[in-house]
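The structure file my_file-v7.cif is reproduced below (mmCIF, C-alpha atoms).
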data_data
#
loop_
_atom_site.label_atom_id
_atom_site.label_comp_id
_atom_site.auth_asym_id
_atom_site.auth_seq_id
_atom_site.Cartn_x
_atom_site.Cartn_y
_atom_site.Cartn_z
CA MET R 265 107.75 92.61 82.04
CA ALA R 266 114.32 102.01 83.50
CA ALA R 267 113.48 98.79 85.65
CA ALA R 268 109.74 99.26 85.64
CA VAL R 269 109.44 100.25 82.00
CA GLY R 270 111.93 97.60 80.95
CA SER R 271 109.97 94.84 82.61
CA VAL R 272 106.70 96.05 81.12
CA MET R 273 108.25 96.15 77.67
CA ALA R 274 109.86 92.78 78.22
CA ARG R 275 106.45 91.27 78.72
CA ALA R 276 104.69 93.48 76.20
CA VAL R 277 107.07 92.78 73.34
CA ALA R 278 109.43 89.97 74.18
CA ARG R 279 107.49 87.31 76.00
CA VAL R 280 104.07 88.32 74.62
CA SER R 281 102.81 85.61 76.97
CA THR R 282 104.40 82.25 77.37
CA LEU R 283 101.63 80.54 75.45
CA LEU R 284 99.78 83.05 73.32
CA ALA R 285 103.03 84.23 71.79
CA PHE R 286 103.17 80.89 70.02
CA GLY R 287 99.73 81.24 68.47
CA LEU R 288 97.49 79.46 70.95
CA LEU R 289 93.74 80.04 71.17
CA ALA R 290 92.77 81.53 73.89
CA GLY R 291 84.81 75.33 90.63
CA CYS R 292 84.27 73.95 93.92
CA ALA R 293 86.28 74.39 97.15
CA GLY R 294 89.62 72.59 97.15
CA ASP R 295 91.06 70.50 99.97
CA ALA R 296 94.76 70.96 99.30
CA ALA R 297 97.18 73.33 100.97
CA THR R 298 99.36 75.17 98.50
CA GLY R 299 103.11 75.60 98.80
CA SER R 300 105.52 78.05 97.24
CA GLY R 301 105.49 76.42 93.82
CA PRO R 302 102.57 76.26 91.38
CA ASP R 303 101.94 72.60 92.18
CA GLY R 304 103.03 72.87 95.79
CA GLY R 305 99.70 72.03 97.35
CA VAL R 306 98.55 68.46 97.31
CA THR R 307 98.65 67.71 101.02
CA ALA R 308 95.69 68.63 103.24
CA ALA R 309 96.49 71.46 105.64
CA SER R 310 96.78 70.08 109.18
CA TRP R 311 96.15 73.53 110.64
CA ARG R 312 92.92 74.13 108.69
CA PRO R 313 90.66 76.41 110.78
CA GLY R 314 86.93 76.06 111.24
CA MET R 315 84.81 78.32 109.05
CA GLU R 316 83.60 80.15 112.14
CA LYS R 317 87.13 81.56 112.54
CA VAL R 318 87.19 82.98 109.03
CA SER R 319 86.05 86.54 108.38
CA ALA R 320 82.53 86.47 106.95
CA ASP R 321 83.38 88.32 103.73
CA PHE R 322 85.98 85.64 102.88
CA HIS R 323 83.50 82.74 103.05
CA GLY R 324 82.80 83.04 99.35
CA LEU R 325 86.40 82.36 98.29
CA ALA R 326 86.53 78.66 97.43
CA GLY R 327 89.52 77.01 99.08
CA TRP R 328 90.46 80.05 101.17
CA ILE R 329 90.85 78.10 104.42
CA ASP R 330 93.12 75.51 102.75
CA ASP R 331 95.86 77.84 101.54
CA ASP R 332 99.12 78.56 103.32
CA HIS R 333 98.76 82.34 103.19
CA ALA R 334 102.25 82.85 104.63
CA GLN R 335 103.64 81.79 101.26
CA ALA R 336 102.27 85.02 99.75
CA LEU R 337 103.83 87.35 102.32
CA PRO R 338 107.24 87.72 100.58
CA ALA R 339 105.49 88.85 97.38
CA LEU R 340 103.38 91.34 99.33
CA GLN R 341 106.50 92.68 101.06
CA ARG R 342 107.77 93.76 97.62
CA THR R 343 104.58 95.76 97.12
CA CYS R 344 105.34 97.49 100.41
CA ARG R 345 108.86 98.39 99.29
CA TRP R 346 107.34 100.13 96.29
CA VAL R 347 104.75 101.86 98.52
CA ALA R 348 107.50 103.15 100.81
CA ALA R 349 109.25 104.82 97.88
CA GLN R 350 106.13 106.65 96.63
CA PRO R 351 104.51 109.86 97.81
CA ALA R 352 101.49 109.72 100.10
CA GLY R 353 98.14 109.49 98.36
CA LYS R 354 99.44 107.92 95.13
CA PRO R 355 96.91 105.44 93.68
CA LEU R 356 98.08 101.87 93.18
CA GLY R 357 96.18 101.78 89.91
CA SER R 358 93.09 102.86 88.05
CA ASN R 359 90.73 100.74 90.17
CA PRO R 360 89.79 102.91 93.19
CA ALA R 361 89.24 99.83 95.36
CA ALA R 362 93.01 99.25 95.43
CA GLY R 363 93.41 102.47 97.40
CA THR R 364 96.44 104.72 97.63
CA THR R 365 99.84 104.54 99.24
CA SER R 366 98.28 106.21 102.28
CA ASP R 367 95.84 103.30 102.62
CA TRP R 368 98.67 100.81 102.27
CA ARG R 369 101.14 102.23 104.75
CA PRO R 370 99.33 100.90 107.87
CA ILE R 371 99.10 97.51 106.14
CA CYS R 372 102.81 97.53 105.39
CA GLU R 373 103.60 98.56 108.97
CA ALA R 374 101.62 95.55 110.22
CA LEU R 375 103.36 93.32 107.69
CA ARG R 376 106.77 94.26 109.07
CA GLY R 377 105.75 92.51 112.29
CA LEU R 378 105.21 89.21 110.49
CA PRO R 379 108.67 88.14 109.31
CA ASN R 380 108.07 84.41 109.90
CA ALA R 381 104.32 84.17 110.23
CA GLU R 382 102.54 80.86 110.69
CA PRO R 383 99.79 80.07 108.14
CA GLU R 384 97.01 80.90 110.62
CA THR R 385 98.59 84.22 111.57
CA ALA R 386 99.08 85.14 107.92
CA ARG R 387 95.46 84.28 107.11
CA ARG R 388 94.22 86.55 109.90
CA PHE R 389 96.52 89.31 108.67
CA PHE R 390 94.90 89.28 105.23
CA GLU R 391 91.39 89.06 106.66
CA ASP R 392 92.04 91.92 109.09
CA HIS R 393 93.49 94.30 106.50
CA PHE R 394 91.74 93.38 103.24
CA THR R 395 88.32 92.62 101.87
CA PRO R 396 87.46 90.69 98.68
CA VAL R 397 86.37 92.80 95.70
CA ALA R 398 85.08 91.14 92.51
CA LEU R 399 86.85 92.22 89.33
CA SER R 400 84.21 90.92 86.92
CA GLU R 401 80.60 89.77 86.99
CA GLY R 402 81.36 86.07 87.20
CA GLN R 403 83.38 86.16 83.97
CA GLU R 404 86.05 83.50 83.53
CA GLY R 405 89.30 83.89 81.64
CA LEU R 406 92.51 82.19 80.52
CA PHE R 407 95.47 81.64 82.83
CA THR R 408 98.81 80.61 81.36
CA GLY R 409 102.26 80.23 82.91
CA TYR R 410 105.83 81.47 82.46
CA TYR R 411 109.18 80.70 83.98
CA GLU R 412 112.79 81.87 84.23
CA VAL R 413 114.96 80.31 81.53
CA GLU R 414 118.40 78.90 82.37
CA LEU R 415 120.97 78.68 79.57
CA ARG R 416 124.63 77.62 79.30
CA GLY R 417 127.10 80.27 78.22
CA SER R 418 130.61 81.65 77.87
CA TRP R 419 132.14 85.13 77.95
CA THR R 420 134.04 84.32 74.76
CA ARG R 421 132.99 82.68 71.53
CA THR R 422 134.08 79.06 71.17
CA GLU R 423 133.16 76.18 68.92
CA ARG R 424 130.46 75.16 71.39
CA TYR R 425 129.34 78.61 72.53
CA ASN R 426 128.64 80.34 69.24
CA VAL R 427 125.19 81.96 69.60
CA PRO R 428 125.55 85.62 70.63
CA LEU R 429 123.18 87.44 72.95
CA TYR R 430 123.28 91.13 72.08
CA LYS R 431 122.76 94.35 73.97
CA ALA R 432 120.64 96.92 72.16
CA PRO R 433 122.30 98.91 69.38
CA LYS R 434 121.65 102.59 68.85
CA ARG R 435 118.53 103.17 66.81
CA THR R 436 118.78 104.86 63.43
CA LYS R 437 116.23 106.49 61.15
CA ARG R 438 116.27 103.31 59.08
CA GLY R 439 115.36 101.23 62.10
CA LEU R 440 116.98 98.04 63.34
CA PRO R 441 117.44 94.82 61.36
CA SER R 442 115.01 91.91 61.49
CA ARG R 443 115.71 88.63 63.25
CA ALA R 444 116.74 86.99 59.98
CA ARG R 445 119.30 89.70 59.28
CA ILE R 446 120.60 89.63 62.86
CA THR R 447 121.05 85.85 62.81
CA ASP R 448 122.81 86.27 59.45
CA GLY R 449 125.35 88.55 61.15
CA ALA R 450 124.02 92.11 60.75
CA LEU R 451 125.30 93.04 64.23
CA LYS R 452 128.49 90.98 64.16
CA GLY R 453 131.66 92.83 65.12
CA LYS R 454 129.91 95.91 66.50
CA GLY R 455 130.87 95.21 70.10
CA LEU R 456 127.29 94.40 71.13
CA GLU R 457 127.84 90.80 72.20
CA ILE R 458 127.19 90.31 75.93
CA LEU R 459 128.02 86.60 75.96
CA TRP R 460 127.60 83.46 73.85
CA VAL R 461 125.33 80.47 74.51
CA ASP R 462 125.37 76.98 73.07
CA ASP R 463 121.81 76.59 71.79
CA PRO R 464 119.89 78.91 69.42
CA ILE R 465 116.59 77.38 70.53
CA ASP R 466 117.33 78.21 74.17
CA ALA R 467 118.21 81.75 73.08
CA PHE R 468 114.89 82.01 71.24
CA PHE R 469 112.95 80.91 74.33
CA LEU R 470 114.91 83.37 76.46
CA GLU R 471 113.52 86.13 74.25
CA ILE R 472 109.99 84.85 74.76
CA GLN R 473 110.39 84.93 78.54
CA GLY R 474 112.10 88.33 78.51
CA SER R 475 114.70 87.50 81.17
CA GLY R 476 116.64 84.57 82.56
CA ARG R 477 119.88 83.25 83.96
CA VAL R 478 122.99 81.86 82.28
CA ARG R 479 125.27 79.26 83.87
CA MET R 480 128.69 80.22 82.58
CA SER R 481 131.50 77.86 81.62
CA ASP R 482 133.62 79.31 84.45
CA GLY R 483 131.04 78.17 87.02
CA SER R 484 129.43 81.56 87.65
CA VAL R 485 125.74 82.33 87.13
CA VAL R 486 124.70 85.64 85.63
CA ALA R 487 121.30 87.26 85.23
CA LEU R 488 120.00 88.78 82.02
CA GLY R 489 117.16 91.26 81.79
CA TYR R 490 115.26 92.81 78.95
CA GLY R 491 117.32 95.43 77.13
CA GLY R 492 115.16 96.45 74.19
CA GLN R 493 113.56 95.18 71.00
CA ASN R 494 114.20 95.75 67.31
CA GLY R 495 110.80 97.29 66.60
CA HIS R 496 109.51 94.54 64.32
CA ARG R 497 106.13 92.97 65.04
CA TYR R 498 105.89 89.62 66.79
CA VAL R 499 104.84 86.67 64.61
CA PRO R 500 103.92 83.49 66.55
CA ILE R 501 105.71 80.46 65.14
CA GLY R 502 103.17 78.10 66.71
CA ARG R 503 100.83 79.11 63.92
CA HIS R 504 103.24 77.57 61.40
CA LEU R 505 103.06 74.21 63.15
CA ILE R 506 99.29 74.38 62.93
CA ASP R 507 99.41 75.34 59.24
CA ILE R 508 101.62 72.36 58.34
CA GLY R 509 99.36 69.98 60.24
CA TYR R 510 101.83 69.13 62.98
CA ALA R 511 99.42 70.11 65.75
CA THR R 512 96.00 71.57 66.41
CA PRO R 513 95.62 74.92 68.19
CA GLU R 514 94.66 73.05 71.36
CA GLN R 515 97.82 70.92 71.21
CA VAL R 516 100.36 73.70 70.74
CA THR R 517 102.45 74.27 73.86
CA MET R 518 105.98 75.42 74.52
CA PRO R 519 107.30 71.87 75.01
CA LEU R 520 105.72 70.82 71.71
CA ILE R 521 107.25 73.78 69.86
CA ARG R 522 110.65 73.11 71.42
CA ARG R 523 110.40 69.44 70.47
CA TRP R 524 109.59 70.29 66.85
CA LEU R 525 112.49 72.73 66.60
CA THR R 526 114.88 70.20 68.14
CA GLU R 527 113.70 67.39 65.85
CA HIS R 528 113.98 69.56 62.71
CA PRO R 529 117.42 71.23 62.98
CA GLY R 530 117.53 71.89 59.25
CA GLU R 531 114.32 73.93 59.42
CA ALA R 532 114.50 75.39 62.92
CA ARG R 533 116.37 78.56 62.00
CA ARG R 534 114.06 79.32 59.06
CA VAL R 535 110.97 78.83 61.22
CA MET R 536 112.30 80.94 64.11
CA ASN R 537 113.13 83.66 61.57
CA MET R 538 109.46 83.76 60.58
CA ASN R 539 109.23 85.94 63.67
CA PRO R 540 111.06 89.16 62.70
CA SER R 541 110.95 90.49 66.26
CA TYR R 542 114.24 90.26 68.14
CA VAL R 543 114.94 90.98 71.80
CA PHE R 544 118.13 92.49 73.24
CA PHE R 545 119.37 91.98 76.79
CA GLN R 546 121.40 93.57 79.54
CA LEU R 547 123.29 92.12 82.49
CA ARG R 548 121.54 92.42 85.84
CA PRO R 549 123.41 92.60 89.14
CA ASP R 550 121.28 89.96 90.86
CA VAL R 551 120.05 86.52 89.82
CA GLY R 552 116.30 85.97 90.04
CA ALA R 553 113.36 86.86 87.86
CA ARG R 554 111.91 90.34 88.19
CA GLY R 555 108.61 91.72 87.05
CA ALA R 556 107.03 95.14 86.72
CA ARG R 557 108.37 97.90 89.00
CA ASN R 558 111.51 95.73 89.27
CA MET R 559 109.77 93.52 91.85
CA GLU R 560 111.41 90.16 92.47
CA LEU R 561 109.03 87.37 91.51
CA THR R 562 107.98 84.54 93.80
CA ALA R 563 107.45 81.11 92.27
CA GLY R 564 103.80 80.16 92.37
CA ARG R 565 102.78 83.44 94.02
CA SER R 566 103.47 86.09 91.37
CA LEU R 567 100.92 86.71 88.64
CA ALA R 568 101.23 88.80 85.47
CA VAL R 569 98.03 90.79 84.86
CA ASP R 570 96.61 93.53 82.69
CA PRO R 571 97.28 96.70 84.74
CA GLY R 572 94.42 98.40 82.95
CA HIS R 573 92.11 96.14 84.93
CA VAL R 574 94.17 94.93 87.91
CA PRO R 575 96.41 97.32 89.87
CA LEU R 576 99.97 96.11 90.24
CA GLY R 577 100.91 95.08 93.76
CA VAL R 578 97.51 93.93 95.01
CA PRO R 579 96.81 90.45 96.42
CA LEU R 580 94.51 88.28 94.32
CA TRP R 581 92.67 85.08 95.20
CA LEU R 582 93.31 82.79 92.23
CA ASP R 583 90.77 80.06 91.50
CA VAL R 584 91.45 78.06 88.32
CA ARG R 585 90.84 74.55 87.01
CA GLU R 586 92.36 72.42 84.23
CA ALA R 587 95.82 73.40 85.49
CA PRO R 588 98.83 71.04 85.09
CA VAL R 589 98.86 70.07 88.79
CA PRO R 590 97.47 67.13 90.75
CA GLN R 591 93.67 67.36 90.84
CA GLY R 592 93.86 70.09 88.20
CA GLU R 593 92.96 73.00 90.49
CA ILE R 594 94.96 75.96 91.77
CA LYS R 595 93.31 77.91 94.58
CA ARG R 596 95.73 80.22 96.28
CA LEU R 597 96.72 83.74 97.19
CA VAL R 598 98.95 85.45 94.64
CA VAL R 599 100.15 89.02 94.07
CA ALA R 600 99.89 91.03 90.84
CA GLN R 601 103.56 91.68 90.08
CA ASP R 602 104.02 91.60 86.34
CA THR R 603 102.49 92.41 82.96
CA GLY R 604 102.43 90.84 79.51
CA GLY R 605 101.71 91.88 75.93
CA ALA R 606 99.12 89.12 75.55
CA ILE R 607 97.87 89.47 79.11
CA LYS R 608 94.91 91.64 78.23
CA GLY R 609 91.42 91.84 79.64
CA ALA R 610 89.52 91.91 82.91
CA VAL R 611 90.20 88.22 83.60
CA ARG R 612 93.58 87.14 82.24
CA GLY R 613 96.71 86.02 84.06
CA ASP R 614 100.14 84.47 83.64
CA LEU R 615 101.45 82.54 86.66
CA PHE R 616 105.19 82.58 87.39
CA TRP R 617 106.46 79.02 87.98
CA GLY R 618 110.08 79.75 88.94
CA HIS R 619 113.09 78.27 87.13
CA GLY R 620 114.32 74.81 86.22
CA ALA R 621 113.01 71.88 84.21
CA GLU R 622 109.84 71.34 86.24
CA ALA R 623 108.93 75.02 86.05
CA ALA R 624 109.51 75.03 82.31
CA GLU R 625 107.31 71.98 81.81
CA GLY R 626 104.46 73.25 83.98
CA ALA R 627 104.50 76.77 82.59
CA GLY R 628 104.74 75.48 79.04
CA VAL R 629 101.51 73.51 79.17
CA MET R 630 99.40 75.66 81.48
CA LYS R 631 96.13 76.72 79.89
CA ALA R 632 93.80 76.92 82.86
CA LYS R 633 90.38 78.48 83.11
CA GLY R 634 89.04 80.43 86.04
CA ARG R 635 88.91 83.76 87.79
CA TYR R 636 90.48 85.88 90.48
CA THR R 637 89.23 88.17 93.23
CA MET R 638 91.13 91.26 94.35
CA LEU R 639 91.84 91.84 98.03
CA ALA R 640 91.39 95.57 98.62
CA PRO R 641 92.45 97.52 101.71
CA ARG R 642 89.56 97.75 104.15
CA THR R 643 90.34 101.41 104.80
CA THR R 644 89.71 102.79 101.30
CA SER R 645 86.66 104.98 100.76
CA PHE R 646 85.60 102.61 97.98
CA THR R 647 85.47 99.51 100.16
CA LEU R 648 83.89 101.42 103.03
CA ALA R 649 81.16 102.60 100.68
CA GLN R 650 80.61 99.05 99.42
CA ARG R 651 79.94 97.83 102.97
CA ARG R 652 77.35 100.52 103.76
#

Show this structure as structure tokens.
Amino acid sequence: MAAAVGSVMARAVARVSTLLAFGLLAGCAGDAATGSGPDGGVTAASWRPGMEKVSADFHGLAGWIDDDHAQALPALQRTCRWVAAQPAGKPLGSNPAAGTTSDWRPICEALRGLPNAEPETARRFFEDHFTPVALSEGQEGLFTGYYEVELRGSWTRTERYNVPLYKAPKRTKRGLPSRARITDGALKGKGLEILWVDDPIDAFFLEIQGSGRVRMSDGSVVALGYGGQNGHRYVPIGRHLIDIGYATPEQVTMPLIRRWLTEHPGEARRVMNMNPSYVFFQLRPDVGARGARNMELTAGRSLAVDPGHVPLGVPLWLDVREAPVPQGEIKRLVVAQDTGGAIKGAVRGDLFWGHGAEAAEGAGVMKAKGRYTMLAPRTTSFTLAQRR
């Protein structure tokens, strides 16, 4: 996941994808309305419109009429904040269909008039201002999940809180120490400790996610963001569990890895140190996960993508199966708001699940298959040409 560069690097180096970082191998219309969370849609939408009310170019999006499109508006509003801060005519990305800030400003002006839109009003807003644009020729890809970690911490070291989280040291010509050296105390006493937490496994998973929150012993909650990396390559420890016969590649998930580390305290440190990469942090003024361009993430509606293929900030219609939700399908409107080191390719995504135990469980096991469709501004020369 500077704010923008920091988030990109957090995902590119620290998280390296919630699932693939650990060494994993890489339908029909739904009838459920989706809520704000990844599994928030299992109840049929009572307001479901007839197909004759839906814009013709949206008929091909399976499940489109069942979504609560208003749930995606807060994520899109963050795109508009970025647009407002950019010069006119700046492209949103390399795909010309995404348009420029000039194409987006009328959309953002219309969005300001929808602070508390009903689902039907929100659906019409997207149909009026966007048109679906395929991003691949029917190709399917892998969709994983990530979440915001919550740890327990203290401002001072105690018997319980004895695992330091460091801010980045100054780089030298010799480079920075490996994880093994850092956990052995290479940075101890240099004034780099931000705070202390009570679980080295939680600290390790915080690095994978790239950011998180810490509930302090004094009752406060603080936010941590990505603050740098030691320059060593990432080695997925999930591969070790496969090599020792503990699991197959298909079985390896974050919960499984956490369970193994917890059940083998005598080996956990050695195995985590097989990954020489180490992530540093910095305090953030506000609690809540943030993605690329410092955009606040929305649970169930923010997707990490490969910006080489999908412009950041655009709405995407997500259509995946084999997801860890009732009925196994996720069909909903999301917004491209983040990036990831293992999120590479024309069809590849990482869905943000929020924070808490349920988010951690869902994100940890998500290995869905499917595709997405970009919603492009109707006013761009590219989309106008496509309709001629």

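Atom CA of Ser475 of chain R sits 5.5 Å away from atom CA of Leu488 of chain R.
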
Exercise for the section: Identify all residues satisfying the PyMOL selection byres ((chain R and resi 428) around 12) in the given file; provide them as a PyMOL selection string. Expected result: chain R and resi 416-422+424-427+429-431+446-464+466-468+543-545

Practice task
Using the chain letters and residue numbers of this document, give as JSON, numbers by chain the residues selected by the PyMOL selection byres ((chain R and resi 613) around 12).
Solution key: {"R": [281, 282, 283, 284, 290, 404, 405, 406, 407, 408, 409, 410, 565, 566, 567, 568, 569, 570, 571, 573, 574, 580, 581, 582, 583, 584, 598, 599, 600, 601, 602, 603, 604, 605, 606, 607, 608, 609, 610, 611, 612, 614, 615, 616, 630, 631, 632, 633, 634, 635, 636]}

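Closest approach to Ala326 of chain R from the set R:His619, R:Arg554, R:Arg596, R:Lys354 is made by R:Arg596, with distances taken over all atoms listed in the file.
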
Using all atoms listed in the file, determine which residues lie at most 10 Å from Cys372 of chain R, disregarding the query and same-chain residues fewer than 2 positions distant; provide the list as a PDB file with C-alpha atoms, in the coordinates of the input.
ATOM      1  CA  LEU R 340     103.380  91.340  99.330  1.00  0.00           C
ATOM      2  CA  GLN R 341     106.500  92.680 101.060  1.00  0.00           C
ATOM      3  CA  ARG R 342     107.770  93.760  97.620  1.00  0.00           C
ATOM      4  CA  THR R 343     104.580  95.760  97.120  1.00  0.00           C
ATOM      5  CA  CYS R 344     105.340  97.490 100.410  1.00  0.00           C
ATOM      6  CA  ARG R 345     108.860  98.390  99.290  1.00  0.00           C
ATOM      7  CA  VAL R 347     104.750 101.860  98.520  1.00  0.00           C
ATOM      8  CA  ALA R 348     107.500 103.150 100.810  1.00  0.00           C
ATOM      9  CA  THR R 365      99.840 104.540  99.240  1.00  0.00           C
ATOM     10  CA  ASP R 367      95.840 103.300 102.620  1.00  0.00           C
ATOM     11  CA  TRP R 368      98.670 100.810 102.270  1.00  0.00           C
ATOM     12  CA  ARG R 369     101.140 102.230 104.750  1.00  0.00           C
ATOM     13  CA  PRO R 370      99.330 100.900 107.870  1.00  0.00           C
ATOM     14  CA  ALA R 374     101.620  95.550 110.220  1.00  0.00           C
ATOM     15  CA  LEU R 375     103.360  93.320 107.690  1.00  0.00           C
ATOM     16  CA  ARG R 376     106.770  94.260 109.070  1.00  0.00           C
ATOM     17  CA  GLY R 377     105.750  92.510 112.290  1.00  0.00           C
ATOM     18  CA  HIS R 393      93.490  94.300 106.500  1.00  0.00           C
TER      19      HIS R 393
END

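You will find atom CA of Ala334 of chain R at 23.8 Å from atom CA of Ser366 of chain R.
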
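Shortest atom-to-atom contact with Asn359 of chain R among R:Ala320, R:Val516, R:Val413, R:Val397: R:Val397, counting all atoms listed in the file.
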
Fill in the blank from the handout: One residue among R:Leu597, R:Leu561, R:Leu525, R:Leu576 is nearest to Thr364 of chain R when using all atoms listed in the file, and that residue is R:Leu576

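For the pair atom CA of Ile521 of chain R and atom CA of Ser442 of chain R, the separation is 21.4 Å.
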
Practice task
List the residues selected by the PyMOL selection byres ((chain R and resi 515) around 12) in the file shown, writing them as a list of chain:residue names.
Solution key: R:Leu283, R:Phe286, R:Gly287, R:Leu288, R:Leu289, R:Gly502, R:Arg503, R:Leu505, R:Ile506, R:Gly509, R:Tyr510, R:Ala511, R:Thr512, R:Pro513, R:Glu514, R:Val516, R:Thr517, R:Met518, R:Pro519, R:Leu520, R:Ile521, R:Gly628, R:Val629, R:Met630, R:Lys631

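Proximity ranking of R:Ile594, R:Leu399, R:Met480, R:Ala623 relative to Asp331 of chain R places R:Ile594 first, based on all atoms listed in the file.
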